[in-house]
$ cat work27.txt   # compact mmCIF, C-alpha atoms
# COMPACT_ATOMS: atom_id res chain seq x y z
CA MET A 29 14.08 -36.01 43.66
CA ASP A 30 17.46 -34.94 42.38
CA ARG A 31 18.36 -31.35 41.67
CA GLY A 32 18.52 -31.76 37.88
CA LYS A 33 15.00 -33.04 37.62
CA ARG A 34 13.73 -30.36 39.99
CA ASN A 35 15.28 -27.59 37.89
CA PHE A 36 13.98 -29.17 34.72
CA LEU A 37 10.44 -29.20 36.11
CA LYS A 38 10.77 -25.58 37.25
CA ILE A 39 11.87 -24.45 33.82
CA ALA A 40 9.23 -26.55 32.12
CA GLY A 41 6.55 -25.02 34.35
CA LEU A 42 7.77 -21.48 33.67
CA THR A 43 7.89 -22.17 29.94
CA GLY A 44 4.34 -23.44 30.02
CA ALA A 45 3.15 -20.41 31.97
CA GLY A 46 4.98 -18.10 29.57
CA ALA A 47 3.45 -19.80 26.56
CA TYR A 48 -0.02 -19.47 28.13
CA VAL A 49 0.49 -15.75 28.78
CA GLY A 50 1.77 -15.40 25.21
CA PHE A 51 -1.32 -17.06 23.77
CA VAL A 52 -3.69 -14.96 25.88
CA GLY A 53 -1.79 -11.82 24.86
CA ALA A 54 -1.87 -12.81 21.19
CA GLU A 55 -5.62 -13.37 21.45
CA ALA A 56 -6.05 -9.96 23.05
CA ILE A 57 -4.19 -8.14 20.28
CA GLY A 58 -5.27 -10.49 17.48
CA ASN A 59 -7.77 -9.70 14.76
CA LYS A 60 -11.01 -10.33 16.62
CA PRO A 61 -14.41 -9.00 15.71
CA GLY A 62 -15.91 -6.12 17.58
CA LYS A 63 -12.77 -4.83 19.28
CA ALA A 64 -12.52 -1.59 17.31
CA LYS A 65 -12.90 1.50 19.49
CA LYS A 66 -15.33 3.01 17.02
CA LYS A 67 -17.65 1.12 14.74
CA LEU A 68 -18.11 3.19 11.64
CA ALA A 69 -21.11 2.22 9.56
CA LEU A 70 -23.04 3.40 6.55
CA VAL A 71 -26.82 3.10 6.38
CA ILE A 72 -28.34 3.35 2.90
CA ASP A 73 -32.04 4.11 2.80
CA THR A 74 -33.31 2.51 -0.41
CA ARG A 75 -36.67 4.22 0.08
CA LYS A 76 -34.87 7.44 -0.79
CA CYS A 77 -32.12 6.05 -3.04
CA LYS A 78 -33.50 4.73 -6.32
CA GLY A 79 -30.04 4.22 -7.79
CA ASP A 80 -30.93 6.56 -10.64
CA CYS A 81 -28.44 9.37 -10.06
CA PRO A 82 -24.74 8.55 -10.05
CA ASP A 83 -23.85 11.38 -7.64
CA CYS A 84 -22.22 9.26 -4.94
CA ILE A 85 -20.33 7.15 -7.45
CA ALA A 86 -19.11 10.16 -9.40
CA ALA A 87 -18.04 11.96 -6.21
CA CYS A 88 -16.17 8.93 -4.87
CA HIS A 89 -14.39 8.22 -8.11
CA ARG A 90 -13.43 11.86 -8.59
CA GLU A 91 -12.21 12.09 -4.99
CA HIS A 92 -10.03 8.99 -5.19
CA ASN A 93 -8.86 9.11 -8.81
CA VAL A 94 -10.73 5.95 -9.75
CA PRO A 95 -10.81 5.43 -13.52
CA GLU A 96 -14.39 5.10 -14.71
CA GLU A 97 -13.72 2.24 -17.08
CA HIS A 98 -16.93 0.42 -16.24
CA ASN A 99 -18.95 3.55 -17.00
CA PRO A 100 -20.73 3.11 -20.35
CA ASN A 101 -19.92 6.71 -21.26
CA PHE A 102 -16.21 6.14 -20.71
CA LYS A 103 -14.09 7.10 -23.69
CA GLY A 104 -10.70 5.45 -23.68
CA PRO A 105 -8.92 2.23 -24.49
CA PRO A 106 -11.38 -0.64 -24.06
CA VAL A 107 -11.08 -2.52 -20.79
CA ARG A 108 -12.63 -5.90 -20.08
CA SER A 109 -15.53 -5.43 -17.70
CA SER A 110 -13.93 -7.84 -15.24
CA GLN A 111 -10.79 -5.70 -15.17
CA GLY A 112 -12.41 -2.36 -14.36
CA ILE A 113 -11.82 -0.58 -11.06
CA LYS A 114 -14.75 0.11 -8.77
CA TRP A 115 -15.07 1.48 -5.27
CA ILE A 116 -18.81 2.04 -5.18
CA TRP A 117 -21.12 0.79 -7.89
CA LEU A 118 -24.66 -0.27 -8.74
CA SER A 119 -25.98 -3.79 -8.33
CA THR A 120 -29.42 -5.37 -8.56
CA PHE A 121 -31.45 -6.54 -5.57
CA GLY A 122 -30.80 -10.14 -6.55
CA GLY A 123 -27.11 -9.44 -6.94
CA ALA A 124 -26.81 -7.79 -3.54
CA PHE A 125 -29.24 -9.96 -1.55
CA HIS A 126 -29.35 -13.25 -3.39
CA GLU A 127 -30.60 -15.04 -0.26
CA GLN A 128 -33.66 -12.80 -0.14
CA VAL A 129 -34.87 -13.23 -3.70
CA ASN A 130 -38.43 -14.48 -4.16
CA GLU A 131 -40.72 -14.57 -7.15
CA HIS A 132 -41.92 -11.01 -6.55
CA THR A 133 -38.63 -9.22 -5.86
CA GLY A 134 -38.28 -8.47 -9.55
CA ARG A 135 -41.23 -6.08 -9.36
CA ARG A 136 -39.02 -3.30 -8.09
CA LYS A 137 -36.29 -2.66 -10.62
CA ASP A 138 -34.23 0.03 -8.82
CA PRO A 139 -30.52 -0.74 -8.69
CA LEU A 140 -28.77 -0.75 -5.32
CA VAL A 141 -25.60 1.07 -4.37
CA VAL A 142 -23.00 -1.39 -3.09
CA LEU A 143 -19.50 -0.89 -1.74
CA CYS A 144 -16.99 -2.47 0.64
CA ASN A 145 -18.84 -3.52 3.79
CA HIS A 146 -15.92 -2.87 6.18
CA CYS A 147 -16.85 -6.11 7.91
CA ASP A 148 -16.49 -6.75 11.63
CA ASN A 149 -14.82 -10.03 10.81
CA PRO A 150 -13.25 -9.40 7.43
CA PRO A 151 -12.14 -12.53 5.55
CA CYS A 152 -10.01 -10.45 3.17
CA THR A 153 -7.56 -9.29 5.84
CA ARG A 154 -7.01 -12.79 7.15
CA VAL A 155 -5.71 -14.17 3.86
CA CYS A 156 -3.27 -11.35 3.09
CA PRO A 157 0.23 -12.88 3.07
CA THR A 158 1.97 -9.53 3.61
CA LYS A 159 -0.44 -7.94 6.10
CA ALA A 160 -1.00 -5.18 3.55
CA THR A 161 -4.67 -5.03 4.46
CA TRP A 162 -6.10 -4.92 7.95
CA LYS A 163 -8.98 -3.66 10.04
CA ARG A 164 -8.06 -0.43 11.78
CA GLU A 165 -8.38 -0.64 15.54
CA SER A 166 -9.40 2.97 15.96
CA ASP A 167 -12.49 3.01 13.79
CA GLY A 168 -12.94 -0.40 12.17
CA ILE A 169 -12.14 0.69 8.62
CA VAL A 170 -10.74 -2.13 6.49
CA THR A 171 -7.82 -0.47 4.79
CA ILE A 172 -4.99 -1.32 2.39
CA ASP A 173 -1.34 -0.29 2.53
CA MET A 174 -0.60 0.12 -1.16
CA HIS A 175 3.12 0.24 -0.40
CA ARG A 176 2.99 -3.30 0.85
CA CYS A 177 0.44 -4.94 -1.46
CA ILE A 178 2.12 -7.48 -3.73
CA GLY A 179 -0.97 -7.98 -5.88
CA CYS A 180 -1.53 -11.67 -5.12
CA ARG A 181 -5.32 -11.11 -5.13
CA PHE A 182 -6.00 -13.54 -2.29
CA CYS A 183 -8.17 -10.83 -0.71
CA MET A 184 -10.24 -10.57 -3.88
CA ALA A 185 -10.89 -14.29 -3.73
CA ALA A 186 -11.75 -14.07 -0.04
CA CYS A 187 -14.16 -11.13 -0.26
CA PRO A 188 -17.70 -12.47 -0.71
CA TYR A 189 -18.95 -9.09 -1.97
CA GLY A 190 -16.57 -8.50 -4.88
CA SER A 191 -15.55 -5.22 -3.29
CA ARG A 192 -11.94 -5.33 -4.36
CA SER A 193 -10.47 -4.51 -7.76
CA PHE A 194 -7.09 -5.30 -9.19
CA ASN A 195 -5.07 -2.86 -11.27
CA PHE A 196 -4.44 -4.88 -14.38
CA HIS A 197 -2.99 -1.81 -16.09
CA ASP A 198 -1.71 1.64 -15.19
CA PRO A 199 -4.78 3.46 -13.83
CA ARG A 200 -3.48 6.85 -14.94
CA LYS A 201 -3.96 5.91 -18.58
CA ASN A 202 -7.72 5.90 -18.13
CA LEU A 203 -8.10 8.86 -15.79
CA LYS A 204 -9.58 11.90 -17.43
CA ALA A 205 -8.39 14.29 -14.73
CA VAL A 206 -6.05 13.50 -11.86
CA ARG A 207 -6.96 15.14 -8.56
CA PRO A 208 -3.61 16.02 -6.95
CA GLY A 209 -4.82 15.58 -3.36
CA PHE A 210 -5.06 11.79 -3.47
CA PRO A 211 -2.51 9.31 -4.88
CA THR A 212 -3.51 7.16 -7.81
CA ARG A 213 -2.68 3.50 -7.57
CA THR A 214 -0.15 1.66 -9.65
CA ILE A 215 -0.25 -1.44 -11.80
CA GLY A 216 -0.36 -4.63 -9.76
CA VAL A 217 -2.06 -3.55 -6.53
CA VAL A 218 -5.54 -4.24 -5.19
CA GLU A 219 -7.79 -1.35 -4.22
CA LYS A 220 -11.24 -0.73 -2.79
CA CYS A 221 -13.36 1.75 -0.85
CA ASN A 222 -11.52 3.11 2.19
CA PHE A 223 -14.59 4.75 3.81
CA CYS A 224 -12.80 8.02 2.99
CA ALA A 225 -10.30 7.54 5.82
CA GLU A 226 -8.32 10.54 4.57
CA ARG A 227 -11.43 12.76 4.70
CA LEU A 228 -12.48 11.46 8.12
CA GLY A 229 -9.00 12.43 9.35
CA GLU A 230 -9.80 16.00 8.37
CA GLY A 231 -13.22 15.90 10.01
CA LEU A 232 -15.17 15.54 6.78
CA LEU A 233 -17.86 13.04 5.87
CA PRO A 234 -17.21 10.39 3.22
CA ALA A 235 -17.51 11.78 -0.30
CA CYS A 236 -20.50 9.60 -1.21
CA VAL A 237 -22.47 10.67 1.87
CA GLU A 238 -21.70 14.31 1.23
CA ALA A 239 -22.63 14.06 -2.46
CA CYS A 240 -25.98 12.35 -1.92
CA THR A 241 -28.60 14.99 -2.69
CA LYS A 242 -31.43 12.74 -1.46
CA LYS A 243 -29.89 12.32 1.99
CA ALA A 244 -30.25 8.57 1.61
CA MET A 245 -26.93 7.80 3.27
CA SER A 246 -26.31 8.06 7.02
CA PHE A 247 -22.77 7.64 8.24
CA GLY A 248 -21.46 7.41 11.77
CA ASP A 249 -20.19 5.43 14.74
CA LEU A 250 -22.60 2.73 15.83
CA LYS A 251 -21.14 2.81 19.35
CA ASP A 252 -22.38 6.39 19.59
CA LYS A 253 -26.16 6.27 20.10
CA ASP A 254 -26.69 9.72 18.61
CA SER A 255 -24.67 9.29 15.42
CA PRO A 256 -26.68 9.59 12.18
CA ALA A 257 -26.12 5.90 11.43
CA SER A 258 -27.43 4.83 14.85
CA VAL A 259 -30.44 7.11 14.52
CA ALA A 260 -31.21 5.73 11.06
CA LEU A 261 -30.94 2.13 12.28
CA ARG A 262 -33.30 2.90 15.19
CA SER A 263 -35.87 4.37 12.83
CA ALA A 264 -36.33 1.32 10.60
CA TYR A 265 -35.40 -2.31 10.12
CA ALA A 266 -32.28 -2.77 8.07
CA ILE A 267 -30.56 -5.73 6.49
CA THR A 268 -26.97 -6.48 5.52
CA ARG A 269 -25.53 -8.43 2.65
CA LYS A 270 -24.92 -12.18 3.10
CA PRO A 271 -25.27 -12.20 6.92
CA ALA A 272 -25.07 -16.00 7.02
CA LEU A 273 -21.37 -15.83 6.21
CA GLY A 274 -20.65 -14.24 9.59
CA THR A 275 -18.58 -11.40 8.19
CA GLY A 276 -20.61 -8.75 10.04
CA PRO A 277 -21.01 -6.13 7.32
CA GLU A 278 -21.13 -2.50 8.43
CA VAL A 279 -23.11 -1.27 5.44
CA TYR A 280 -26.83 -1.51 6.19
CA TYR A 281 -29.78 -1.26 3.82
CA ILE A 282 -33.19 0.04 4.85
CA LEU A 283 -35.67 -1.44 2.40
CA MET B 28 39.49 -65.08 2.87
CA ALA B 29 41.54 -66.17 -0.05
CA ASP B 30 38.72 -65.21 -2.40
CA ASP B 31 38.57 -61.67 -0.96
CA LYS B 32 42.25 -61.16 -1.60
CA ASP B 33 41.81 -62.17 -5.19
CA ILE B 34 38.98 -59.72 -5.70
CA GLN B 35 41.03 -56.88 -4.18
CA LYS B 36 43.88 -57.60 -6.51
CA THR B 37 41.60 -57.65 -9.50
CA GLU B 38 40.17 -54.23 -8.68
CA GLU B 39 43.67 -52.73 -8.42
CA GLU B 40 44.58 -54.16 -11.74
CA TYR B 41 41.63 -52.60 -13.43
CA ARG B 42 41.95 -49.13 -11.86
CA PRO B 43 42.67 -46.69 -14.72
CA THR B 44 46.13 -45.18 -14.65
CA GLU B 45 46.38 -41.44 -14.03
CA TYR B 46 47.39 -39.59 -17.12
CA ASP B 47 48.81 -36.07 -17.18
CA TYR B 48 46.98 -34.03 -19.80
CA ARG B 49 48.86 -30.77 -19.16
CA HIS B 50 51.48 -31.25 -21.85
CA THR B 51 49.26 -32.50 -24.63
CA GLU B 52 48.54 -30.63 -27.85
CA ASP B 53 44.89 -29.96 -26.77
CA ALA B 54 45.75 -27.93 -23.67
CA ARG B 55 48.19 -25.62 -25.41
CA SER B 56 45.65 -24.74 -28.08
CA ASP B 57 43.25 -23.33 -25.35
CA MET B 58 45.60 -20.50 -24.44
CA PRO B 59 44.50 -17.98 -27.12
CA PHE B 60 40.87 -18.45 -26.10
CA ILE B 61 41.67 -17.80 -22.46
CA VAL B 62 43.57 -14.60 -23.29
CA LEU B 63 40.77 -13.48 -25.59
CA GLY B 64 38.18 -14.21 -22.89
CA VAL B 65 40.03 -12.15 -20.31
CA MET B 66 40.36 -9.29 -22.79
CA VAL B 67 36.62 -9.37 -23.59
CA PHE B 68 35.82 -9.42 -19.88
CA VAL B 69 38.03 -6.41 -19.14
CA ALA B 70 36.64 -4.54 -22.17
CA LEU B 71 33.05 -5.19 -21.11
CA MET B 72 33.70 -4.10 -17.54
CA LEU B 73 35.47 -0.91 -18.59
CA GLY B 74 32.99 -0.29 -21.37
CA ALA B 75 30.05 -0.44 -19.00
CA THR B 76 31.70 2.11 -16.74
CA VAL B 77 32.57 4.44 -19.59
CA ALA B 78 29.23 4.07 -21.36
CA ASN B 79 27.29 4.67 -18.18
CA ARG B 80 28.46 8.17 -17.39
CA GLY B 81 31.96 8.65 -18.78
CA LEU B 82 34.86 8.41 -16.40
CA GLY B 83 35.35 12.14 -15.97
CA LYS B 84 31.71 12.90 -15.21
CA PHE B 85 31.79 10.93 -11.99
CA ARG B 86 33.58 13.71 -10.22
CA SER B 87 31.07 16.45 -11.05
CA LYS B 88 28.14 16.69 -8.64
CA PRO B 89 24.64 16.84 -10.07
CA ALA B 90 23.06 20.30 -10.38
CA LEU B 91 20.01 19.99 -8.14
CA GLU B 92 17.13 22.38 -8.44
CA LEU B 93 16.55 23.70 -4.95
CA PRO B 94 13.24 25.17 -3.78
CA ARG B 95 12.69 28.70 -5.00
CA ASP B 96 11.17 30.48 -2.01
CA ALA B 97 11.58 28.09 0.92
CA LYS B 98 14.95 28.33 2.65
CA ARG B 99 14.50 25.88 5.48
CA CYS B 100 13.77 22.16 5.31
CA ILE B 101 11.98 20.30 8.08
CA ARG B 102 15.35 18.78 9.06
CA ASP B 103 18.88 20.01 8.46
CA THR B 104 20.60 19.28 5.16
CA ALA B 105 23.07 16.73 6.52
CA PHE B 106 20.27 14.71 8.08
CA MET B 107 18.13 14.86 4.97
CA ARG B 108 21.02 13.91 2.72
CA SER B 109 21.66 10.67 4.57
CA ASN B 110 18.29 9.88 6.12
CA HIS B 111 15.52 11.20 3.85
CA MET B 112 14.53 7.69 2.80
CA LYS B 113 14.27 6.59 6.41
CA LEU B 114 12.23 9.67 7.26
CA LEU B 115 9.85 9.01 4.38
CA ASN B 116 9.44 5.39 5.44
CA ASP B 117 8.80 6.47 9.03
CA TRP B 118 6.23 8.99 7.88
CA ARG B 119 4.54 6.39 5.71
CA ASP B 120 4.31 3.94 8.61
CA ALA B 121 3.12 6.62 11.01
CA VAL B 122 0.34 7.79 8.71
CA VAL B 123 -0.78 4.51 7.16
CA ARG B 124 -0.27 2.18 10.14
CA GLY B 125 -0.30 4.49 13.14
CA GLU B 126 -2.87 6.95 11.78
CA VAL B 127 -0.80 9.89 13.04
CA ARG B 128 -0.70 12.51 10.32
CA LYS B 129 0.81 15.50 12.14
CA GLU B 130 4.27 16.05 13.57
CA LYS B 131 5.73 18.80 15.77
CA ILE B 132 9.13 20.20 14.80
CA PRO B 133 11.12 23.11 16.31
CA ARG B 134 10.66 26.33 14.39
CA ARG B 135 13.91 27.66 12.89
CA ASP B 136 14.78 31.14 11.66
CA ALA B 137 16.49 32.02 8.38
CA THR B 138 19.93 31.27 9.81
CA GLY B 139 18.86 27.81 10.96
CA LYS B 140 18.77 28.61 14.66
CA VAL B 141 15.92 27.19 16.73
CA VAL B 142 13.49 29.96 17.65
CA LYS B 143 12.93 30.47 21.41
CA ASP B 144 10.15 32.43 23.03
CA ALA B 145 10.59 35.06 25.77
CA ALA B 146 10.75 32.38 28.46
CA GLY B 147 13.55 30.58 26.59
CA LYS B 148 11.35 27.69 25.51
CA THR B 149 11.59 26.19 22.03
CA VAL B 150 8.82 27.25 19.69
CA TYR B 151 7.27 24.35 17.79
CA GLN B 152 5.38 24.19 14.57
CA THR B 153 3.07 21.45 13.35
CA ILE B 154 3.64 19.92 9.93
CA GLU B 155 1.79 17.22 8.06
CA ARG B 156 3.62 13.98 7.37
CA SER B 157 2.94 13.97 3.68
CA LEU B 158 5.15 13.58 0.63
CA THR B 159 2.83 15.57 -1.61
CA LYS B 160 1.56 18.12 0.88
CA THR B 161 4.80 18.86 2.71
CA CYS B 162 7.90 17.76 0.76
CA LEU B 163 6.66 18.55 -2.74
CA ARG B 164 5.18 21.88 -1.71
CA CYS B 165 8.75 23.27 -1.73
CA HIS B 166 10.50 20.67 -3.90
CA ASP B 167 8.06 21.23 -6.71
CA ASN B 168 10.23 19.68 -9.40
CA PRO B 169 11.19 16.17 -8.23
CA LYS B 170 12.61 15.37 -11.66
CA ALA B 171 15.33 17.97 -11.16
CA PHE B 172 15.85 17.13 -7.50
CA CYS B 173 15.02 13.55 -6.50
CA ASP B 174 15.63 11.89 -9.86
CA ARG B 175 18.74 13.88 -10.76
CA CYS B 176 20.52 12.90 -7.54
CA HIS B 177 19.27 9.33 -7.63
CA VAL B 178 20.54 8.86 -11.17
CA TYR B 179 23.89 10.32 -10.10
CA ALA B 180 24.06 8.00 -7.10
CA GLY B 181 23.03 5.01 -9.19
CA VAL B 182 19.77 4.47 -7.29
CA THR B 183 17.66 5.04 -10.39
CA ARG B 184 18.60 4.16 -13.93
CA PRO B 185 19.27 7.19 -16.18
CA GLY B 186 16.00 8.57 -17.51
CA GLY B 187 14.03 6.61 -14.92
CA SER B 188 11.85 7.93 -12.19
CA LEU B 189 11.21 7.06 -8.58
CA LYS B 190 8.57 4.48 -7.77
CA CYS B 191 6.98 7.01 -5.37
CA PHE B 192 5.55 8.86 -8.34
CA HIS B 193 3.86 5.83 -9.83
CA CYS B 194 1.12 6.61 -7.31
CA HIS B 195 1.88 9.95 -5.64
CA ILE B 196 1.18 12.77 -7.98
CA MET B 197 4.02 14.96 -9.14
CA PRO B 198 3.24 18.66 -8.88
CA ASN B 199 3.53 21.06 -11.80
CA PRO B 200 6.85 22.84 -11.29
CA ARG B 201 6.42 26.56 -10.62
CA PRO B 202 8.27 28.89 -12.99
CA ARG B 203 11.63 30.04 -11.71
CA ALA B 204 13.37 33.32 -12.34
CA GLY B 205 16.37 33.06 -14.67
CA ARG B 206 15.28 29.89 -16.46
$ encode --input "work27.txt" --output "C-alpha cells"
Amino acid sequence: MDRGKRNFLKIAGLTGAGAYVGFVGAEAIGNKPGKAKKKLALVIDTRKCKGDCPDCIAACHREHNVPEEHNPNFKGPPVRSSQGIKWIWLSTFGGAFHEQVNEHTGRRKDPLVVLCNHCDNPPCTRVCPTKATWKRESDGIVTIDMHRCIGCRFCMAACPYGSRSFNFHDPRKNLKAVRPGFPTRTIGVVEKCNFCAERLGEGLLPACVEACTKKAMSFGDLKDKDSPASVALRSAYAITRKPALGTGPEVYYIL
Amino acid sequence: MADDKDIQKTEEEYRPTEYDYRHTEDARSDMPFIVLGVMVFVALMLGATVANRGLGKFRSKPALELPRDAKRCIRDTAFMRSNHMKLLNDWRDAVVRGEVRKEKIPRRDATGKVVKDAAGKTVYQTIERSLTKTCLRCHDNPKAFCDRCHVYAGVTRPGGSLKCFHCHIMPNPRPRAGR
C-alpha cells in the first residue's frame, strides 16, 4: 500500500467521522419535538367557557394592539373578512374539531375560543424561508421575529389551524387606541398569538388567562406537575385540535 | 486538395472590405448631440445636488433636540454616534432571539466618570434593552433627533421617517422650556 493511498484513506475516514459528528450535532440542535425546557400549555375548560363574553379576546387585542376589524361592532374602513387580524377568536365546535363531529354535536351551540396552538412540532416554523418564526427552546412558544418576516405567507399555508394573519394594510389605520407598551405591526408581516411572551418575561400571566372572569383558562408548564395547566389536565379528559396531523398542539380543551 | 484551395480563394474574394466611417458626413453631424448630452448630464447631476439641500447647507450640522432632563446616555456620545445602529441590532437579537431583556452597564456620574464604591469596585446599573422603554424615555422626540440627523446624513429621504417607527410606537414629546 503506497503512502498516497494510505493518506487518502486516512483523510477520507476522518472526513466521514467528521460528517457523522456534524449530522448528530445538527440533529441535537435541530427543531425536534419535545426538546423545549418548559412546555407551556393552555387548558380551556369549555364547561365554564360558553364563548359568550369576549373578555379574553378584548384583553388580548387591547394588550397587543390588534385591530378589531373582524368585530361586527368595528367602525372603520371596511376590511374583507379574510384580511382581518386575529390572535384569539371564536369558532364553532365543528370548525375546531371537525374530526369529532357527529349528528348530535349541533345540539350544543356554544362557540369555542381558539388561538395558536404553540405546537410541539410546528409545521409553520419549518417552512419559513428566513427563519423569522421558530419554537423557543426555553419555553416552547412559537414566536415570530417581525424584523425578519418578509411576508411570504408560507407559514399561513402551513398552519392547519388558521392561526396566522397577514397585514394586508397598515394596522394602525384601524386601531382605535394604540397602547404604547407593545409595538404594532406593519404592512406586509404575518402575526399571531405569542402566548404573551412579553408578559411572561415580567412574571405575569397571559392577558386572556388573566381577563377570564370564569376562570376557564389554566396556563402553565406541563413539565411541572403542580402548574395550573397540569392540575387541570389531571382533573378531566381533554382533547386537542386535529391530533391526527401530529403537530402536538399545546392548547387543550376540556369538554 | 485543389478544390479546397478554390473554396478558400472564393471566401477571400467575398469578404467585405473595411470601410472607414469616421470622415463621413453622418459622423460629423453627431457632434452637437454629444455635446448637448454631456451638458444635460452635468446639469442633472449638479441640479440634483443643489435641489437636494443647496450646496451651502451641507456644511451646517443639523440642530438635534437633545433630551431635556437626562444628561447621560447608556454609552458615551462617540460610541453612540458611530455604533447606535449596531447596538440597536444587538439589543434586538438579544431580546427577540436570546430572550435576554436586561443589561448591566457601569453607573456614571454627571461628569461621565464611572462611579466606584468604597472598595473601589465599579457600580453597575441594570437597564432594559428596549427602544421604546429605554432609548425613547429620554429621546422623546425622535423626529427632531433620529430623523433630523438621518435626513442630514442621507440615510432617510427628507420628510421621511425611520422604519423602526412603523411598528414601535413614537412617544408624545414632552414640552420643553423655551420652545
$ residues_around --input "work27.txt" --residues "A:Lys137" --least-positions-apart "6" --cutoff "10 Å" --atoms "only C-alpha atoms" --output "PyMOL selection string"
chain A and resi 78-79+120-121
$ residues_around --input "work27.txt" --residues "stretch 236-239 of chain A" --least-positions-apart "2" --cutoff "10 Å" --atoms "all atoms listed in the file" --output "PyMOL selection string"
chain A and resi 70-72+82-89+91+116+223-224+232-234+241-247
$ interface_residues --input "work27.txt" --of "chain A" --to "chain B" --cutoff "8 Å" --atoms "all atoms listed in the file" --output "list of chain:residue names"
A:Asp173, A:Pro208, A:Gly209, A:Phe210, A:Pro211, A:Thr212, A:Arg213, A:Thr214
$ residues_around --input "work27.txt" --residues "B:Ala97" --least-positions-apart "2" --cutoff "10 Å" --atoms "all atoms listed in the file" --output "ChimeraX atom specification"
/B:93-95,99-100,137,164-166
$ atom_distance --input "work27.txt" --atom1 "atom CA of B:Val150" --atom2 "atom CA of B:Lys131"
9.8 Å
$ residues_around --input "work27.txt" --residues "A:Ala160" --least-positions-apart "5" --cutoff "12 Å" --atoms "all atoms listed in the file" --output "PDB file with C-alpha atoms, keeping the file's coordinate frame"
ATOM      1  CA  CYS A 152     -10.010 -10.450   3.170  1.00  0.00           C
ATOM      2  CA  THR A 153      -7.560  -9.290   5.840  1.00  0.00           C
ATOM      3  CA  ARG A 154      -7.010 -12.790   7.150  1.00  0.00           C
ATOM      4  CA  VAL A 155      -5.710 -14.170   3.860  1.00  0.00           C
ATOM      5  CA  VAL A 170     -10.740  -2.130   6.490  1.00  0.00           C
ATOM      6  CA  THR A 171      -7.820  -0.470   4.790  1.00  0.00           C
ATOM      7  CA  ILE A 172      -4.990  -1.320   2.390  1.00  0.00           C
ATOM      8  CA  ASP A 173      -1.340  -0.290   2.530  1.00  0.00           C
ATOM      9  CA  MET A 174      -0.600   0.120  -1.160  1.00  0.00           C
ATOM     10  CA  HIS A 175       3.120   0.240  -0.400  1.00  0.00           C
ATOM     11  CA  ARG A 176       2.990  -3.300   0.850  1.00  0.00           C
ATOM     12  CA  CYS A 177       0.440  -4.940  -1.460  1.00  0.00           C
ATOM     13  CA  ILE A 178       2.120  -7.480  -3.730  1.00  0.00           C
ATOM     14  CA  GLY A 179      -0.970  -7.980  -5.880  1.00  0.00           C
ATOM     15  CA  CYS A 180      -1.530 -11.670  -5.120  1.00  0.00           C
ATOM     16  CA  ARG A 181      -5.320 -11.110  -5.130  1.00  0.00           C
ATOM     17  CA  PHE A 182      -6.000 -13.540  -2.290  1.00  0.00           C
ATOM     18  CA  CYS A 183      -8.170 -10.830  -0.710  1.00  0.00           C
ATOM     19  CA  VAL A 217      -2.060  -3.550  -6.530  1.00  0.00           C
ATOM     20  CA  VAL A 218      -5.540  -4.240  -5.190  1.00  0.00           C
ATOM     21  CA  GLU A 219      -7.790  -1.350  -4.220  1.00  0.00           C
TER      22      GLU A 219
ATOM     23  CA  ASP B 120       4.310   3.940   8.610  1.00  0.00           C
ATOM     24  CA  VAL B 123      -0.780   4.510   7.160  1.00  0.00           C
ATOM     25  CA  ARG B 124      -0.270   2.180  10.140  1.00  0.00           C
TER      26      ARG B 124
END
$ residues_near_point --input "work27.txt" --point "(14.2, 27.2, 22.5)" --cutoff "12 Å" --atoms "all atoms listed in the file" --output "ChimeraX atom specification"
/B:132-136,140-151
$ atom_distance --input "work27.txt" --atom1 "atom CA of B:Arg184" --atom2 "atom CA of A:Asn202"
26.7 Å
$ atom_distance --input "work27.txt" --atom1 "atom CA of B:Leu158" --atom2 "atom CA of B:Asn110"
14.7 Å
$ closest_residue --input "work27.txt" --among "B:Cys162, B:Met72, B:Ile154, B:Leu63" --to "B:Leu115" --atoms "only C-alpha atoms"
B:Cys162
$ residues_around --input "work27.txt" --residues "A:Gln111" --least-positions-apart "4" --cutoff "12 Å" --atoms "all atoms listed in the file" --output "PyMOL selection string"
chain A and resi 95-98+106-107+192-199+215-216+218
$ closest_residue --input "work27.txt" --among "B:Val182, B:Lys170, B:Gly187, B:Arg175" --to "B:Pro200" --atoms "only C-alpha atoms"
B:Lys170
$ closest_residue --input "work27.txt" --among "B:Leu73, B:Ile101, B:Ala90, B:Met107" --to "B:Thr153" --atoms "all atoms listed in the file"
B:Ile101
$ closest_residue --input "work27.txt" --among "A:Ala235, A:Leu283, A:Ala186, A:Ala40" --to "A:Cys77" --atoms "only C-alpha atoms"
A:Leu283
